[in-house]
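Data block for run-v4.cif (mmCIF, C-alpha atoms):
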data_structure
#
loop_
_atom_site.group_PDB
_atom_site.id
_atom_site.type_symbol
_atom_site.label_atom_id
_atom_site.label_comp_id
_atom_site.auth_asym_id
_atom_site.auth_seq_id
_atom_site.Cartn_x
_atom_site.Cartn_y
_atom_site.Cartn_z
ATOM 1 C CA MET A 1 115.158 28.582 -24.371
ATOM 2 C CA ALA A 2 118.913 28.224 -24.749
ATOM 3 C CA LYS A 3 119.127 26.183 -21.571
ATOM 4 C CA GLN A 4 116.130 23.962 -22.177
ATOM 5 C CA ARG A 5 116.577 22.501 -25.638
ATOM 6 C CA SER A 6 113.540 20.190 -25.516
ATOM 7 C CA ILE A 7 112.169 19.191 -28.920
ATOM 8 C CA THR A 8 108.627 20.134 -27.956
ATOM 9 C CA SER A 9 109.416 23.743 -27.045
ATOM 10 C CA ASN A 10 112.227 24.454 -29.504
ATOM 11 C CA LEU A 11 111.434 22.410 -32.566
ATOM 12 C CA GLY A 12 112.223 25.399 -34.781
ATOM 13 C CA ILE A 13 115.926 25.019 -34.017
ATOM 14 C CA TYR A 14 115.878 21.466 -35.316
ATOM 15 C CA VAL A 15 113.916 22.337 -38.462
ATOM 16 C CA TYR A 16 116.138 25.354 -39.197
ATOM 17 C CA GLY A 17 119.292 23.323 -38.603
ATOM 18 C CA GLY A 18 117.932 20.335 -40.511
ATOM 19 C CA ALA A 19 117.205 22.544 -43.518
ATOM 20 C CA ALA A 20 120.808 23.772 -43.507
ATOM 21 C CA ILE A 21 121.987 20.157 -43.436
ATOM 22 C CA PHE A 22 119.615 19.397 -46.329
ATOM 23 C CA LEU A 23 121.019 22.339 -48.319
ATOM 24 C CA GLY A 24 124.563 21.229 -47.552
ATOM 25 C CA LEU A 25 123.988 17.641 -48.642
ATOM 26 C CA LEU A 26 122.187 18.815 -51.774
ATOM 27 C CA GLY A 27 125.130 21.051 -52.679
ATOM 28 C CA LEU A 28 127.679 18.302 -52.095
ATOM 29 C CA VAL A 29 125.725 15.824 -54.230
ATOM 30 C CA SER A 30 124.938 18.246 -57.074
ATOM 31 C CA GLY A 31 128.000 20.485 -56.972
ATOM 32 C CA ASP A 32 125.627 23.404 -57.348
ATOM 33 C CA PHE A 33 123.886 26.094 -55.339
ATOM 34 C CA ALA A 34 120.164 25.968 -54.531
ATOM 35 C CA ALA A 35 119.318 27.169 -58.033
ATOM 36 C CA GLY A 36 116.658 29.840 -58.177
ATOM 37 C CA TRP A 37 117.282 31.035 -54.619
ATOM 38 C CA GLN A 38 121.038 31.070 -54.087
ATOM 39 C CA ASN A 39 121.444 33.016 -57.288
ATOM 40 C CA VAL A 40 125.113 32.666 -58.212
ATOM 41 C CA GLY A 41 125.566 33.233 -61.949
ATOM 42 C CA PRO A 42 127.281 30.740 -64.274
ATOM 43 C CA ASN A 43 130.077 33.198 -65.105
ATOM 44 C CA ILE A 44 131.308 33.549 -61.525
ATOM 45 C CA PRO A 45 134.969 32.407 -61.281
ATOM 46 C CA LEU A 46 135.483 29.137 -59.398
ATOM 47 C CA ARG A 47 131.717 28.672 -59.217
ATOM 48 C CA VAL A 48 131.811 24.903 -58.661
ATOM 49 C CA PRO A 49 134.441 25.020 -55.884
ATOM 50 C CA LEU A 50 132.439 27.839 -54.265
ATOM 51 C CA ALA A 51 129.299 25.703 -54.448
ATOM 52 C CA TYR A 52 131.057 22.829 -52.679
ATOM 53 C CA LEU A 53 132.522 25.192 -50.089
ATOM 54 C CA THR A 54 129.115 26.748 -49.432
ATOM 55 C CA ALA A 55 127.551 23.306 -49.087
ATOM 56 C CA ALA A 56 130.211 22.225 -46.607
ATOM 57 C CA VAL A 57 129.697 25.388 -44.532
ATOM 58 C CA GLU A 58 125.907 24.944 -44.553
ATOM 59 C CA LEU A 59 126.263 21.327 -43.493
ATOM 60 C CA ALA A 60 128.710 22.212 -40.716
ATOM 61 C CA GLY A 61 126.552 25.106 -39.540
ATOM 62 C CA GLY A 62 123.427 22.960 -39.439
ATOM 63 C CA VAL A 63 125.146 20.184 -37.480
ATOM 64 C CA ALA A 64 126.724 22.687 -35.062
ATOM 65 C CA LEU A 65 123.339 24.288 -34.410
ATOM 66 C CA LEU A 66 121.964 20.951 -33.205
ATOM 67 C CA LEU A 67 124.837 20.479 -30.734
ATOM 68 C CA PRO A 68 124.289 22.612 -27.600
ATOM 69 C CA ARG A 69 128.002 23.232 -27.146
ATOM 70 C CA PHE A 70 128.391 24.648 -30.671
ATOM 71 C CA ALA A 71 124.887 26.038 -31.239
ATOM 72 C CA ARG A 72 125.919 29.684 -31.076
ATOM 73 C CA PHE A 73 128.674 29.106 -33.624
ATOM 74 C CA GLY A 74 126.234 27.258 -35.885
ATOM 75 C CA ALA A 75 123.679 30.066 -35.687
ATOM 76 C CA LEU A 76 126.307 32.684 -36.519
ATOM 77 C CA THR A 77 127.664 30.608 -39.417
ATOM 78 C CA LEU A 78 124.267 30.161 -41.033
ATOM 79 C CA THR A 79 123.390 33.821 -40.498
ATOM 80 C CA ILE A 80 126.521 34.847 -42.376
ATOM 81 C CA VAL A 81 125.900 32.382 -45.221
ATOM 82 C CA TYR A 82 122.298 33.493 -45.696
ATOM 83 C CA SER A 83 123.376 37.149 -45.470
ATOM 84 C CA VAL A 84 125.704 36.624 -48.426
ATOM 85 C CA PHE A 85 122.878 35.260 -50.563
ATOM 86 C CA THR A 86 120.619 38.101 -49.464
ATOM 87 C CA LEU A 87 123.215 40.644 -50.570
ATOM 88 C CA ILE A 88 123.634 38.864 -53.921
ATOM 89 C CA TRP A 89 119.953 39.536 -54.637
ATOM 90 C CA VAL A 90 119.999 43.213 -53.584
ATOM 91 C CA PRO A 91 121.615 44.712 -56.739
ATOM 92 C CA LYS A 92 119.375 42.542 -58.922
ATOM 93 C CA ALA A 93 116.350 44.006 -57.147
ATOM 94 C CA PHE A 94 117.245 47.511 -58.378
ATOM 95 C CA VAL A 95 117.851 46.576 -62.017
ATOM 96 C CA ASN A 96 114.158 46.529 -62.880
ATOM 97 C CA LEU A 97 111.880 47.809 -60.141
ATOM 98 C CA GLY A 98 108.868 46.737 -62.178
ATOM 99 C CA ASN A 99 109.861 43.112 -61.648
ATOM 100 C CA TYR A 100 109.137 42.151 -58.046
ATOM 101 C CA ASP A 101 110.684 38.673 -58.229
ATOM 102 C CA PRO A 102 114.240 39.735 -57.205
ATOM 103 C CA ILE A 103 112.830 41.852 -54.363
ATOM 104 C CA GLY A 104 110.810 38.865 -53.217
ATOM 105 C CA ASN A 105 113.961 36.760 -53.200
ATOM 106 C CA VAL A 106 115.734 39.390 -51.101
ATOM 107 C CA PHE A 107 113.121 39.009 -48.380
ATOM 108 C CA GLU A 108 113.007 35.215 -48.630
ATOM 109 C CA GLU A 109 116.726 35.075 -47.949
ATOM 110 C CA PHE A 110 116.493 37.861 -45.356
ATOM 111 C CA SER A 111 113.893 35.890 -43.402
ATOM 112 C CA LEU A 112 116.553 33.194 -42.927
ATOM 113 C CA VAL A 113 118.999 35.871 -41.788
ATOM 114 C CA ALA A 114 116.501 37.298 -39.282
ATOM 115 C CA ALA A 115 115.833 33.858 -37.813
ATOM 116 C CA GLY A 116 119.575 33.265 -37.568
ATOM 117 C CA LEU A 117 119.946 36.542 -35.690
ATOM 118 C CA VAL A 118 117.174 35.466 -33.308
ATOM 119 C CA LEU A 119 119.110 32.269 -32.606
ATOM 120 C CA CYS A 120 122.331 34.239 -32.106
ATOM 121 C CA ALA A 121 120.492 36.333 -29.515
ATOM 122 C CA ILE A 122 119.081 33.243 -27.817
ATOM 123 C CA PHE A 123 122.489 31.593 -27.499
ATOM 124 C CA SER A 124 124.298 34.778 -26.436
ATOM 125 C CA PRO A 125 124.908 35.552 -22.748
ATOM 126 C CA ALA A 126 121.933 37.141 -21.038
ATOM 127 C CA GLY A 127 122.235 40.923 -21.032
ATOM 128 C CA SER A 128 124.734 41.030 -23.891
ATOM 129 C CA PRO A 129 124.150 43.544 -26.728
ATOM 130 C CA VAL A 130 123.067 40.751 -29.081
ATOM 131 C CA ALA A 131 120.730 39.132 -26.570
ATOM 132 C CA ARG A 132 119.057 42.479 -25.827
ATOM 133 C CA ARG A 133 118.214 42.895 -29.519
ATOM 134 C CA ARG A 134 116.276 39.658 -29.782
ATOM 135 C CA SER A 135 112.930 41.464 -30.095
ATOM 136 C CA LEU A 136 114.384 43.682 -32.831
ATOM 137 C CA PHE A 137 115.458 40.615 -34.811
ATOM 138 C CA VAL A 138 111.924 39.247 -34.492
ATOM 139 C CA LEU A 139 110.649 42.497 -36.021
ATOM 140 C CA PHE A 140 113.138 42.089 -38.877
ATOM 141 C CA PHE A 141 111.506 38.759 -39.625
ATOM 142 C CA GLY A 142 108.045 40.297 -39.296
ATOM 143 C CA ILE A 143 108.686 42.488 -42.329
ATOM 144 C CA CYS A 144 109.266 39.472 -44.574
ATOM 145 C CA PRO A 145 105.701 38.057 -44.708
ATOM 146 C CA ILE A 146 104.614 41.377 -46.221
ATOM 147 C CA SER A 147 106.837 40.593 -49.183
ATOM 148 C CA PHE A 148 105.562 37.004 -49.286
ATOM 149 C CA GLY A 149 102.026 38.357 -49.637
ATOM 150 C CA ILE A 150 103.042 40.829 -52.344
ATOM 151 C CA VAL A 151 104.658 37.998 -54.299
ATOM 152 C CA HIS A 152 101.353 36.123 -54.181
ATOM 153 C CA ILE A 153 99.490 39.153 -55.542
ATOM 154 C CA VAL A 154 102.010 39.960 -58.266
ATOM 155 C CA ASP A 155 102.302 36.359 -59.407
ATOM 156 C CA MET A 156 98.673 35.313 -58.856
ATOM 157 C CA PRO A 157 98.367 33.396 -62.177
ATOM 158 C CA GLY A 158 101.530 31.447 -61.418
ATOM 159 C CA LEU A 159 100.410 30.866 -57.827
ATOM 160 C CA LEU A 160 97.158 29.284 -58.974
ATOM 161 C CA GLY A 161 99.175 26.756 -60.958
ATOM 162 C CA TRP A 162 100.953 25.612 -57.784
ATOM 163 C CA ILE A 163 97.776 24.999 -55.765
ATOM 164 C CA PRO A 164 96.509 21.374 -55.991
ATOM 165 C CA GLY A 165 93.294 21.172 -57.989
ATOM 166 C CA TRP A 166 91.724 18.628 -55.597
ATOM 167 C CA LEU A 167 91.887 21.038 -52.648
ATOM 168 C CA PRO A 168 88.388 22.377 -51.842
ATOM 169 C CA PRO A 169 86.731 24.778 -52.231
ATOM 170 C CA THR A 170 88.664 26.484 -55.070
ATOM 171 C CA LYS A 171 92.215 27.433 -56.026
ATOM 172 C CA MET A 172 91.312 31.126 -55.898
ATOM 173 C CA PHE A 173 90.056 30.764 -52.335
ATOM 174 C CA TRP A 174 93.397 29.367 -51.161
ATOM 175 C CA ALA A 175 95.335 31.940 -53.164
ATOM 176 C CA TYR A 176 93.580 34.753 -51.333
ATOM 177 C CA ALA A 177 93.571 32.941 -47.980
ATOM 178 C CA THR A 178 97.322 32.342 -47.993
ATOM 179 C CA THR A 179 97.975 35.894 -49.167
ATOM 180 C CA MET A 180 95.900 37.373 -46.356
ATOM 181 C CA GLY A 181 97.579 34.936 -43.979
ATOM 182 C CA PHE A 182 100.971 36.424 -44.799
ATOM 183 C CA PHE A 183 99.758 39.997 -44.346
ATOM 184 C CA GLY A 184 97.941 39.131 -41.119
ATOM 185 C CA ALA A 185 101.020 37.413 -39.694
ATOM 186 C CA ALA A 186 103.184 40.430 -40.518
ATOM 187 C CA VAL A 187 100.791 42.834 -38.791
ATOM 188 C CA ALA A 188 100.552 40.621 -35.701
ATOM 189 C CA ILE A 189 104.317 40.095 -35.367
ATOM 190 C CA LEU A 190 105.138 43.768 -35.938
ATOM 191 C CA THR A 191 102.492 45.046 -33.507
ATOM 192 C CA GLY A 192 102.681 42.253 -30.955
ATOM 193 C CA ILE A 193 98.909 41.744 -31.127
ATOM 194 C CA MET A 194 98.234 37.979 -30.995
ATOM 195 C CA ALA A 195 101.810 37.515 -32.207
ATOM 196 C CA PRO A 196 102.343 33.991 -30.765
ATOM 197 C CA LEU A 197 99.241 32.613 -32.511
ATOM 198 C CA ALA A 198 99.977 34.447 -35.774
ATOM 199 C CA ALA A 199 103.581 33.195 -35.855
ATOM 200 C CA ARG A 200 102.396 29.624 -35.293
ATOM 201 C CA LEU A 201 99.843 29.928 -38.081
ATOM 202 C CA LEU A 202 102.454 31.406 -40.409
ATOM 203 C CA THR A 203 104.716 28.433 -39.684
ATOM 204 C CA ALA A 204 101.847 26.036 -40.348
ATOM 205 C CA GLU A 205 101.094 27.769 -43.653
ATOM 206 C CA ILE A 206 104.657 27.286 -44.905
ATOM 207 C CA VAL A 207 104.781 23.684 -43.656
ATOM 208 C CA ILE A 208 101.525 22.911 -45.473
ATOM 209 C CA PHE A 209 102.948 24.439 -48.644
ATOM 210 C CA GLU A 210 105.911 22.093 -48.311
ATOM 211 C CA LEU A 211 103.634 19.072 -47.788
ATOM 212 C CA LEU A 212 101.126 19.843 -50.552
ATOM 213 C CA VAL A 213 103.377 21.378 -53.208
ATOM 214 C CA TRP A 214 107.090 20.721 -52.915
ATOM 215 C CA ILE A 215 107.138 17.126 -51.712
ATOM 216 C CA PRO A 216 104.672 15.994 -54.427
ATOM 217 C CA ASN A 217 106.877 17.745 -57.004
ATOM 218 C CA LEU A 218 109.648 15.257 -56.271
ATOM 219 C CA SER A 219 107.581 12.415 -57.676
ATOM 220 C CA GLY A 220 107.477 14.141 -61.048
ATOM 221 C CA GLY A 221 111.176 14.898 -61.264
ATOM 222 C CA ARG A 222 113.430 13.233 -58.736
ATOM 223 C CA ASN A 223 116.498 14.202 -60.747
ATOM 224 C CA ASN A 224 115.324 17.798 -61.048
ATOM 225 C CA HIS A 225 117.714 19.960 -59.037
ATOM 226 C CA PHE A 226 115.175 22.801 -58.906
ATOM 227 C CA ASN A 227 112.619 20.571 -57.145
ATOM 228 C CA TRP A 228 115.128 19.435 -54.530
ATOM 229 C CA ALA A 229 116.348 23.003 -54.001
ATOM 230 C CA GLY A 230 112.757 24.208 -53.649
ATOM 231 C CA ASN A 231 112.104 21.607 -50.970
ATOM 232 C CA ALA A 232 115.253 22.591 -49.082
ATOM 233 C CA ILE A 233 114.466 26.312 -49.216
ATOM 234 C CA CYS A 234 110.826 25.803 -48.217
ATOM 235 C CA ILE A 235 111.921 23.757 -45.195
ATOM 236 C CA ALA A 236 114.434 26.485 -44.354
ATOM 237 C CA LEU A 237 111.676 29.111 -44.513
ATOM 238 C CA ALA A 238 109.469 26.936 -42.311
ATOM 239 C CA GLY A 239 112.359 26.551 -39.888
ATOM 240 C CA ALA A 240 112.905 30.315 -39.828
ATOM 241 C CA ALA A 241 109.236 30.967 -39.064
ATOM 242 C CA TRP A 242 109.324 28.206 -36.446
ATOM 243 C CA VAL A 243 112.377 29.705 -34.722
ATOM 244 C CA VAL A 244 110.700 33.108 -34.541
ATOM 245 C CA SER A 245 107.449 31.529 -33.381
ATOM 246 C CA ASP A 246 109.236 29.660 -30.585
ATOM 247 C CA SER A 247 111.005 32.862 -29.568
ATOM 248 C CA ILE A 248 107.787 34.903 -29.486
ATOM 249 C CA SER A 249 106.008 32.212 -27.472
ATOM 250 C CA ALA A 250 108.891 31.878 -25.016
ATOM 251 C CA THR A 251 109.013 35.637 -24.514
ATOM 252 C CA ALA A 252 105.254 35.836 -24.009
ATOM 253 C CA THR A 253 105.199 33.074 -21.375
ATOM 254 C CA SER A 254 108.183 34.523 -19.487
ATOM 255 C CA LYS A 255 106.709 37.990 -19.046
ATOM 256 C CA PRO A 256 105.936 38.736 -15.377
ATOM 257 C CA ILE A 257 102.277 38.997 -14.443
ATOM 258 C CA PRO A 258 101.496 42.390 -12.898
ATOM 259 C CA ALA A 259 100.628 42.059 -9.235
ATOM 260 C CA GLU A 260 97.105 43.035 -8.305
ATOM 261 C CA SER A 261 96.756 46.139 -6.220
ATOM 262 C CA HIS A 262 96.111 45.422 -2.535
ATOM 263 C CA ALA A 263 94.928 48.920 -1.811
ATOM 264 C CA GLU A 264 91.882 48.972 0.410
ATOM 265 C CA VAL A 265 88.628 49.974 -1.219
ATOM 266 C CA SER A 266 86.487 52.324 0.801
ATOM 267 C CA ILE A 267 82.930 51.080 0.962
ATOM 268 C CA PRO A 268 80.398 53.725 1.877
ATOM 269 C CA ALA A 269 78.306 52.966 4.918
#

Rewritten as structure tokens:
Amino acid sequence: MAKQRSITSNLGIYVYGGAAIFLGLLGLVSGDFAAGWQNVGPNIPLRVPLAYLTAAVELAGGVALLLPRFARFGALTLTIVYSVFTLIWVPKAFVNLGNYDPIGNVFEEFSLVAAGLVLCAIFSPAGSPVARRRSLFVLFFGICPISFGIVHIVDMPGLLGWIPGWLPPTKMFWAYATTMGFFGAAVAILTGIMAPLAARLLTAEIVIFELLVWIPNLSGGRNNHFNWAGNAICIALAGAAWVVSDSISATATSKPIPAESHAEVSIPA
């Protein structure tokens, strides 16, 4: 995968890197973090300079990821950036365990970290400690859809408000379908049973959410930073799922096929 960077087989790299570029440009234009996801409080010293610095790093990391010569550096850079935002959410998750929203944000950010680790493994020398842990990093990502499904259950009334009313058959149908899709994808990725198909379907689910929810939101508030940040994060999540999906598929197709036994079979006379 690292040697054959064709768009058709490794599109996840381009989506993941493109999302980082999107986040970087958004930060440079707004002078702010991806509000609601990159949860840096207003009282943090030097918040605005930190926002610009973060945006510049995201932009550089995304561009580097798309350049084969610097792809490993780009993957490592983005993994570190997303790890910082994951850690920012962790203490908030323990403040009120009855509120699942911060925990959900931990796993949203961690899914980006896991995908970054998968890319680090892909671009590391074959046989290196990082490369050998590629399957472990895939499992890290596989935990995250469980949280995505829990968020849907906990925030079911809010979820129904996000689903387009014109989508047949009913909003409730799609609320349950997407929730079960997350849980099913997690089980498949963690067990390896039909993992390539499940990872592809998970990617498609997030992409469809971007197309049907976040992009239309821009028409109602093009100057709304939250809407732009939501689009950027959703694309990043789609890119993360796509990276993992590409990795699972590549691993599945590269597994050697067991040779059939050539032992003679005794046929009774």

Legend entry - Distance query Asn231 in chain A at most 7 Å, only C-alpha atoms, self and fewer than 4 positions along chain excluded, as JSON, numbers by chain: {"A": [210, 214, 215, 227, 235]}

May I have the residues from that selection written out with C-alpha atoms, as a PDB file, in the coordinates of the input?
ATOM      1  CA  GLU A 210     105.911  22.093 -48.311  1.00  0.00           C
ATOM      2  CA  TRP A 214     107.090  20.721 -52.915  1.00  0.00           C
ATOM      3  CA  ILE A 215     107.138  17.126 -51.712  1.00  0.00           C
ATOM      4  CA  ASN A 227     112.619  20.571 -57.145  1.00  0.00           C
ATOM      5  CA  ILE A 235     111.921  23.757 -45.195  1.00  0.00           C
TER       6      ILE A 235
END

Could you name the residues that touch Ala238 in chain A at 7 Å or less, counting all atoms listed in the file, but leaving out those on the same chain fewer than 3 positions away, as an mmCIF file with C-alpha atoms, keeping the file's coordinate frame?
data_model
loop_
_atom_site.group_PDB
_atom_site.id
_atom_site.type_symbol
_atom_site.label_atom_id
_atom_site.label_comp_id
_atom_site.auth_asym_id
_atom_site.auth_seq_id
_atom_site.Cartn_x
_atom_site.Cartn_y
_atom_site.Cartn_z
ATOM 1 C CA THR A 203 104.716 28.433 -39.684
ATOM 2 C CA ILE A 206 104.657 27.286 -44.905
ATOM 3 C CA VAL A 207 104.781 23.684 -43.656
ATOM 4 C CA CYS A 234 110.826 25.803 -48.217
ATOM 5 C CA ILE A 235 111.921 23.757 -45.195
ATOM 6 C CA ALA A 241 109.236 30.967 -39.064
ATOM 7 C CA TRP A 242 109.324 28.206 -36.446
#

Inset, instruction - Report as number ranges by chain the full result of the PyMOL selection byres ((chain A and resi 244) around 8) when it is applied to this structure. - result: A: 12, 115, 118, 138, 141, 199, 240-243, 245-248

Legend entry - Chain and number of each residue from the PyMOL selection byres ((chain A and resi 85) around 10), as a PyMOL selection string: chain A and resi 37-40+80-84+86-90+105-106+109-110+113

Inset, instruction - Using all atoms listed in the file, find the one residue out of A:Pro164, A:Pro169, A:Gly142, A:Gly31 that sits nearest to Ala195 in chain A. - result: A:Gly142

Inset, instruction - Convert the output of the PyMOL selection byres ((chain A and resi 14) around 10) on the shown file into explicit residues, formatted as a VMD selection string. - result: chain A and resid 5 7 10 to 13 15 to 20 62 to 63 65 to 66 239 242 to 243
